[in-house]
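Enquirer: What follows is start.txt; its format and atoms are compact mmCIF, C-alpha atoms.
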# COMPACT_ATOMS: atom_id res chain seq x y z
CA MET A 1 -4.51 67.43 -42.94
CA LYS A 2 -8.26 66.79 -42.86
CA VAL A 3 -9.01 70.50 -42.40
CA GLY A 4 -6.76 71.40 -45.33
CA TYR A 5 -8.36 68.75 -47.50
CA HIS A 6 -11.84 70.00 -46.58
CA ARG A 7 -10.91 73.58 -47.51
CA LEU A 8 -9.47 72.40 -50.82
CA CYS A 9 -12.68 70.47 -51.61
CA CYS A 10 -14.80 73.53 -50.74
CA PHE A 11 -12.62 75.70 -52.98
CA ILE A 12 -12.92 73.26 -55.89
CA LYS A 13 -16.68 73.07 -55.37
CA GLU A 14 -17.00 76.87 -55.51
CA ILE A 15 -14.87 76.98 -58.68
CA LEU A 16 -17.06 74.34 -60.34
CA ILE A 17 -20.21 76.27 -59.39
CA TYR A 18 -18.64 79.43 -60.83
CA PHE A 19 -17.88 77.71 -64.13
CA ASP A 20 -21.36 76.19 -64.26
CA ARG A 21 -23.12 79.54 -63.78
CA HIS A 22 -21.24 81.68 -66.28
CA LEU A 23 -20.57 81.92 -69.99
CA PHE A 24 -16.98 82.40 -71.09
CA LEU A 25 -15.56 84.26 -74.07
CA GLY A 26 -11.90 83.78 -74.96
CA ILE A 27 -10.10 86.77 -76.46
CA VAL A 28 -6.61 86.32 -77.92
CA GLY A 29 -4.34 88.23 -80.26
CA THR A 30 -0.98 89.78 -80.89
CA ARG A 31 1.32 91.06 -78.17
CA ARG A 32 2.00 94.06 -80.42
CA ALA A 33 -1.56 95.32 -80.38
CA SER A 34 -2.19 98.47 -82.40
CA PRO A 35 -4.75 101.20 -81.61
CA TYR A 36 -7.08 99.30 -83.96
CA ALA A 37 -7.12 96.34 -81.56
CA LYS A 38 -8.07 98.56 -78.63
CA GLN A 39 -10.75 100.25 -80.73
CA ALA A 40 -12.22 96.88 -81.70
CA ILE A 41 -12.30 95.60 -78.11
CA GLU A 42 -13.78 98.85 -76.83
CA GLN A 43 -16.47 98.63 -79.48
CA PHE A 44 -17.88 95.21 -78.58
CA LEU A 45 -16.76 94.47 -75.02
CA PRO A 46 -19.24 96.64 -73.05
CA ALA A 47 -22.22 94.81 -74.56
CA ILE A 48 -20.57 91.49 -73.79
CA ILE A 49 -19.95 92.48 -70.17
CA GLN A 50 -23.55 93.65 -69.80
CA ARG A 51 -24.63 90.08 -70.52
CA SER A 52 -22.49 88.89 -67.57
CA MET A 53 -20.06 86.98 -69.75
CA VAL A 54 -16.58 86.30 -68.34
CA ILE A 55 -13.55 87.21 -70.45
CA VAL A 56 -10.78 84.60 -70.64
CA SER A 57 -7.29 85.48 -71.87
CA GLY A 58 -3.61 84.83 -71.23
CA LEU A 59 -2.29 87.83 -69.27
CA ALA A 60 0.32 88.55 -71.93
CA THR A 61 1.02 92.03 -73.28
CA GLY A 62 -1.05 93.45 -76.11
CA VAL A 63 -4.51 92.07 -76.78
CA ASP A 64 -4.53 89.88 -73.65
CA HIS A 65 -3.74 92.81 -71.36
CA LEU A 66 -6.27 95.05 -73.09
CA SER A 67 -9.00 92.41 -72.79
CA HIS A 68 -8.51 91.89 -69.05
CA GLN A 69 -8.12 95.60 -68.38
CA LEU A 70 -11.16 96.72 -70.36
CA ALA A 71 -13.29 93.94 -68.87
CA LEU A 72 -12.47 95.24 -65.39
CA GLN A 73 -12.96 98.88 -66.40
CA ASN A 74 -16.44 97.99 -67.66
CA GLY A 75 -17.35 96.29 -64.38
CA GLY A 76 -16.99 92.77 -65.75
CA HIS A 77 -15.14 89.65 -64.68
CA THR A 78 -12.11 88.04 -66.25
CA ILE A 79 -9.91 84.95 -65.95
CA GLY A 80 -6.19 84.89 -66.69
CA VAL A 81 -4.49 81.66 -67.73
CA ILE A 82 -0.73 81.87 -67.34
CA GLY A 83 2.27 79.80 -68.44
CA THR A 84 4.28 80.13 -65.20
CA GLY A 85 3.79 79.28 -61.55
CA LEU A 86 1.15 81.41 -59.85
CA ASN A 87 3.82 83.30 -57.89
CA LEU A 88 5.55 84.52 -61.07
CA SER A 89 4.53 86.95 -63.77
CA TYR A 90 5.56 86.78 -67.41
CA PRO A 91 5.94 89.30 -68.81
CA ALA A 92 6.92 91.36 -65.76
CA SER A 93 4.78 94.21 -67.05
CA SER A 94 1.68 92.12 -66.26
CA GLN A 95 2.61 91.67 -62.59
CA LYS A 96 0.34 94.41 -61.20
CA LEU A 97 -2.66 93.27 -63.23
CA GLN A 98 -2.02 89.62 -62.39
CA GLN A 99 -1.81 90.37 -58.67
CA TYR A 100 -5.07 92.29 -58.79
CA MET A 101 -6.80 89.51 -60.68
CA ALA A 102 -5.44 86.88 -58.30
CA GLN A 103 -7.08 88.76 -55.43
CA HIS A 104 -10.33 89.87 -57.05
CA GLU A 105 -10.87 87.69 -60.13
CA LEU A 106 -9.28 84.35 -61.06
CA VAL A 107 -5.81 83.39 -62.29
CA LEU A 108 -5.17 79.78 -63.35
CA SER A 109 -1.99 77.83 -63.97
CA GLU A 110 -1.25 74.14 -64.37
CA TYR A 111 2.36 74.67 -63.32
CA PRO A 112 3.86 74.48 -59.81
CA LEU A 113 5.06 77.51 -57.89
CA ASP A 114 8.36 78.96 -59.14
CA ALA A 115 7.94 77.34 -62.57
CA ALA A 116 9.47 79.74 -65.11
CA GLY A 117 7.77 80.45 -68.41
CA ARG A 118 8.96 78.11 -71.15
CA LYS A 119 7.99 78.43 -74.80
CA HIS A 120 5.96 75.22 -74.75
CA HIS A 121 4.15 76.36 -71.59
CA PHE A 122 2.36 79.05 -73.53
CA VAL A 123 1.24 76.64 -76.23
CA GLU A 124 -0.07 74.37 -73.47
CA ARG A 125 -1.74 77.34 -71.78
CA ASN A 126 -3.59 78.10 -75.00
CA ARG A 127 -5.46 74.81 -74.84
CA ILE A 128 -6.87 75.81 -71.43
CA ILE A 129 -8.07 79.15 -72.80
CA ALA A 130 -9.72 77.30 -75.69
CA GLY A 131 -11.21 74.67 -73.40
CA LEU A 132 -12.72 77.14 -70.93
CA SER A 133 -14.31 79.32 -73.61
CA GLN A 134 -17.52 78.60 -75.47
CA SER A 135 -16.26 80.90 -78.23
CA VAL A 136 -12.84 82.38 -79.01
CA VAL A 137 -12.34 85.75 -80.70
CA VAL A 138 -9.02 86.48 -82.39
CA ILE A 139 -8.09 90.17 -82.57
CA GLN A 140 -5.02 90.89 -84.68
CA ALA A 141 -2.72 87.95 -85.38
CA LYS A 142 0.12 87.31 -87.78
CA ALA A 143 0.00 84.40 -90.22
CA LYS A 144 1.96 82.27 -87.76
CA SER A 145 1.14 83.05 -84.15
CA GLY A 146 0.10 81.59 -80.83
CA SER A 147 -3.36 83.07 -81.35
CA LEU A 148 -3.90 80.83 -84.37
CA ILE A 149 -2.79 77.85 -82.30
CA THR A 150 -5.51 78.77 -79.79
CA ALA A 151 -8.04 79.07 -82.61
CA ASN A 152 -7.14 75.63 -83.94
CA LEU A 153 -7.36 74.13 -80.46
CA ALA A 154 -10.78 75.73 -80.05
CA LEU A 155 -11.98 74.18 -83.30
CA GLN A 156 -10.67 70.77 -82.23
CA ASN A 157 -12.77 71.11 -79.07
CA ASN A 158 -15.93 72.12 -80.95
CA ARG A 159 -15.72 75.76 -79.90
CA ASN A 160 -16.79 78.66 -82.08
CA VAL A 161 -13.97 80.69 -83.61
CA LEU A 162 -14.47 84.32 -84.59
CA ALA A 163 -12.03 86.90 -85.91
CA VAL A 164 -11.88 90.66 -86.29
CA PRO A 165 -11.08 91.46 -89.95
CA GLY A 166 -8.36 93.94 -90.82
CA ARG A 167 -6.60 95.58 -93.75
CA ILE A 168 -5.16 93.17 -96.30
CA ASP A 169 -1.80 94.97 -96.14
CA ASP A 170 -1.52 94.77 -92.34
CA GLU A 171 0.61 91.82 -91.19
CA LEU A 172 -1.09 91.95 -87.78
CA SER A 173 -4.41 91.15 -89.47
CA THR A 174 -3.15 88.46 -91.84
CA GLY A 175 -3.97 85.63 -89.43
CA CYS A 176 -7.47 86.96 -88.73
CA ASN A 177 -8.23 87.42 -92.41
CA GLN A 178 -7.01 83.90 -93.14
CA LEU A 179 -9.25 82.50 -90.38
CA ILE A 180 -12.25 84.28 -91.89
CA GLN A 181 -11.31 83.00 -95.34
CA ALA A 182 -11.23 79.48 -93.87
CA GLY A 183 -14.69 79.85 -92.35
CA ALA A 184 -14.31 81.72 -89.05
CA LYS A 185 -17.11 84.16 -88.32
CA PRO A 186 -16.11 87.82 -88.82
CA VAL A 187 -16.77 90.15 -85.89
CA LEU A 188 -18.04 93.58 -86.88
CA LYS A 189 -20.18 94.30 -83.82
CA ALA A 190 -21.06 92.83 -80.43
CA SER A 191 -24.15 91.04 -81.75
CA ASP A 192 -21.92 88.91 -84.00
CA ILE A 193 -20.49 87.40 -80.82
CA LEU A 194 -23.73 87.25 -78.85
CA GLU A 195 -25.39 85.24 -81.62
CA ASP A 196 -23.14 82.33 -80.67
CA PHE A 197 -24.63 82.29 -77.17
CA PRO A 198 -28.32 81.33 -77.53
CA GLN A 199 -28.53 81.01 -73.73
CA ILE A 200 -28.45 84.82 -73.54
CA LYS A 201 -31.83 86.49 -73.88
CA GLY A 202 -32.40 90.07 -74.89
Starting from the file, give its structure as structure tokens.
Expert:
Amino acid sequence: MKVGYHRLCCFIKEILIYFDRHLFLGIVGTRRASPYAKQAIEQFLPAIIQRSMVIVSGLATGVDHLSHQLALQNGGHTIGVIGTGLNLSYPASSQKLQQYMAQHELVLSEYPLDAAGRKHHFVERNRIIAGLSQSVVVIQAKAKSGSLITANLALQNNRNVLAVPGRIDDELSTGCNQLIQAGAKPVLKASDILEDFPQIKG
């Protein structure tokens, strides 16, 4: 028991050091991501990764999956926060990516093993994404969506909220446009995000 406890304490210590040494950017958005979402992420993510920032998202389909995947493809690091037990994947299409990240990156869950994904789990998961991230970027979101819940949670925790603007006739951009209208910072290029991280030089 003492050996197991010691290993757990060492693991927690390493995690705390990891969080202390890195800057974290949350990226959230629709599960029905369009080519525009991928184009937007591809446009700003490489510069973000070059500054050694860690991408935090929810391992769902759409924007989440793209964010994790493109972070890894650009040689960066990423954290997945899930709404099930660590031994389950929801959706099933994320299983391969989740398993890779569990081995090489970091996957977090507040739920016990075998806990199935419940609707309220994903709302609760969103608060962890918001809490870990210094800033949260919303990429494509409907007027009522989990991404906007994450944005509101971020604001409640004094995090910066940014949004990628979209066409006014695109329902997948309605939430982002409304966030910008309410005061969220629009993201047009990588420097719009980097400005919120004064710790980064150059």
Enquirer: Quick check, in Å to one decimal: how far apart do CA of Leu106 (chain A) and CA of Asn126 (chain A) lie?
Expert: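 If I compute the distance from CA of Leu106 (chain A) to CA of Asn126 (chain A), I get 16.3 Å.
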Enquirer: List every residue of region 150-170 of chain A that has an atom at most 7 Å from any atom of region 131-143 of chain A, and for each one report the closest atom pair and its distance in Å to one decimal, counting all atoms listed in the file, with rows sorted by chain and then by increasing residue number, as CSV.
Expert:
residue,atom,partner,partner_atom,distance
A:Ala151,CA,A:Val136,CA,6.9
A:Ala154,CA,A:Gly131,CA,6.7
A:Asn157,CA,A:Gly131,CA,6.9
A:Arg159,CA,A:Ser135,CA,5.4
A:Asn160,CA,A:Ser135,CA,4.5
A:Val161,CA,A:Val136,CA,5.0
A:Leu162,CA,A:Val137,CA,4.7
A:Ala163,CA,A:Val138,CA,4.7
A:Val164,CA,A:Ile139,CA,5.3
Enquirer: Give me the residues within 10 Å of Glu124 (chain A) as an MDAnalysis selection string, counting all atoms listed in the file and dropping any in the same chain fewer than 6 places off.
Expert: chainID A and resid 82:83 110 149:150
Enquirer: Rounded to one decimal, what separation in Å do you get between CA of Leu153 (chain A) and CA of Val123 (chain A)?
Expert: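 Computed distance, CA of Leu153 (chain A) to CA of Val123 (chain A), equals 9.9 Å.
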Enquirer: Kindly provide, as a count of residues only, the polymer residues lying within 10 Å of (-3.8, 87.9, -62.5), counting only C-alpha atoms and using the coordinates exactly as they appear in the file.
Expert: 25
Enquirer: Using only C-alpha atoms, can you tell me which of A:Leu148, A:Ile128, A:Leu194, A:Leu188 comes closest to Val56 (chain A)?
Expert: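 Of A:Leu148, A:Ile128, A:Leu194, A:Leu188, the one nearest Val56 (chain A), counting only C-alpha atoms, is A:Ile128.
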Enquirer: Just the number, please: distance in Å from CA of Arg167 (chain A) to CA of Gln69 (chain A), one decimal.
Expert: 25.4 Å
Enquirer: Of the candidates A:Asn158, A:Ser93, A:Ser191, A:Ser145, which one gets nearest to Ser173 (chain A) if we count all atoms listed in the file?
Expert: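 Selected residue with least distance to Ser173 (chain A): A:Ser145.
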Enquirer: Kindly list the centre and edge lengths in Å, rounded to one decimal, for the axis-aligned box that covers all listed atoms of region 118-131 of chain A plus 5 Å on each of its six sides, as JSON.
Expert:
{"center_x": -1.1, "center_y": 76.8, "center_z": -73.7, "size_x": 30.2, "size_y": 14.8, "size_z": 15.1}
Enquirer: From the set A:Asp114, A:Asp192, A:Asp64, A:Asp169, which residue has the shortest atom-to-atom contact distance to Ala37 (chain A), counting only C-alpha atoms?
Expert: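 For Ala37 (chain A), the nearest of the candidates is A:Asp64.
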Enquirer: Using all atoms listed in the file, pick whichever of A:Gly26, A:Pro35, A:Pro112, A:Gly117 has the shortest atom-to-atom distance to Gly62 (chain A).
Expert: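 Closest residue, counting all atoms listed in the file: A:Pro35.
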Enquirer: For Phe197 (chain A), which residue among A:Ile55, A:Leu172, A:Val28, A:Ile48 is the nearest when counting only C-alpha atoms?
Expert: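 Nearest to Phe197 (chain A): A:Ile48.
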Enquirer: Of the candidates A:Leu70, A:Leu88, A:Ala130, A:Cys176, which one gets nearest to Leu25 (chain A) if we count all atoms listed in the file?
Expert: A:Ala130
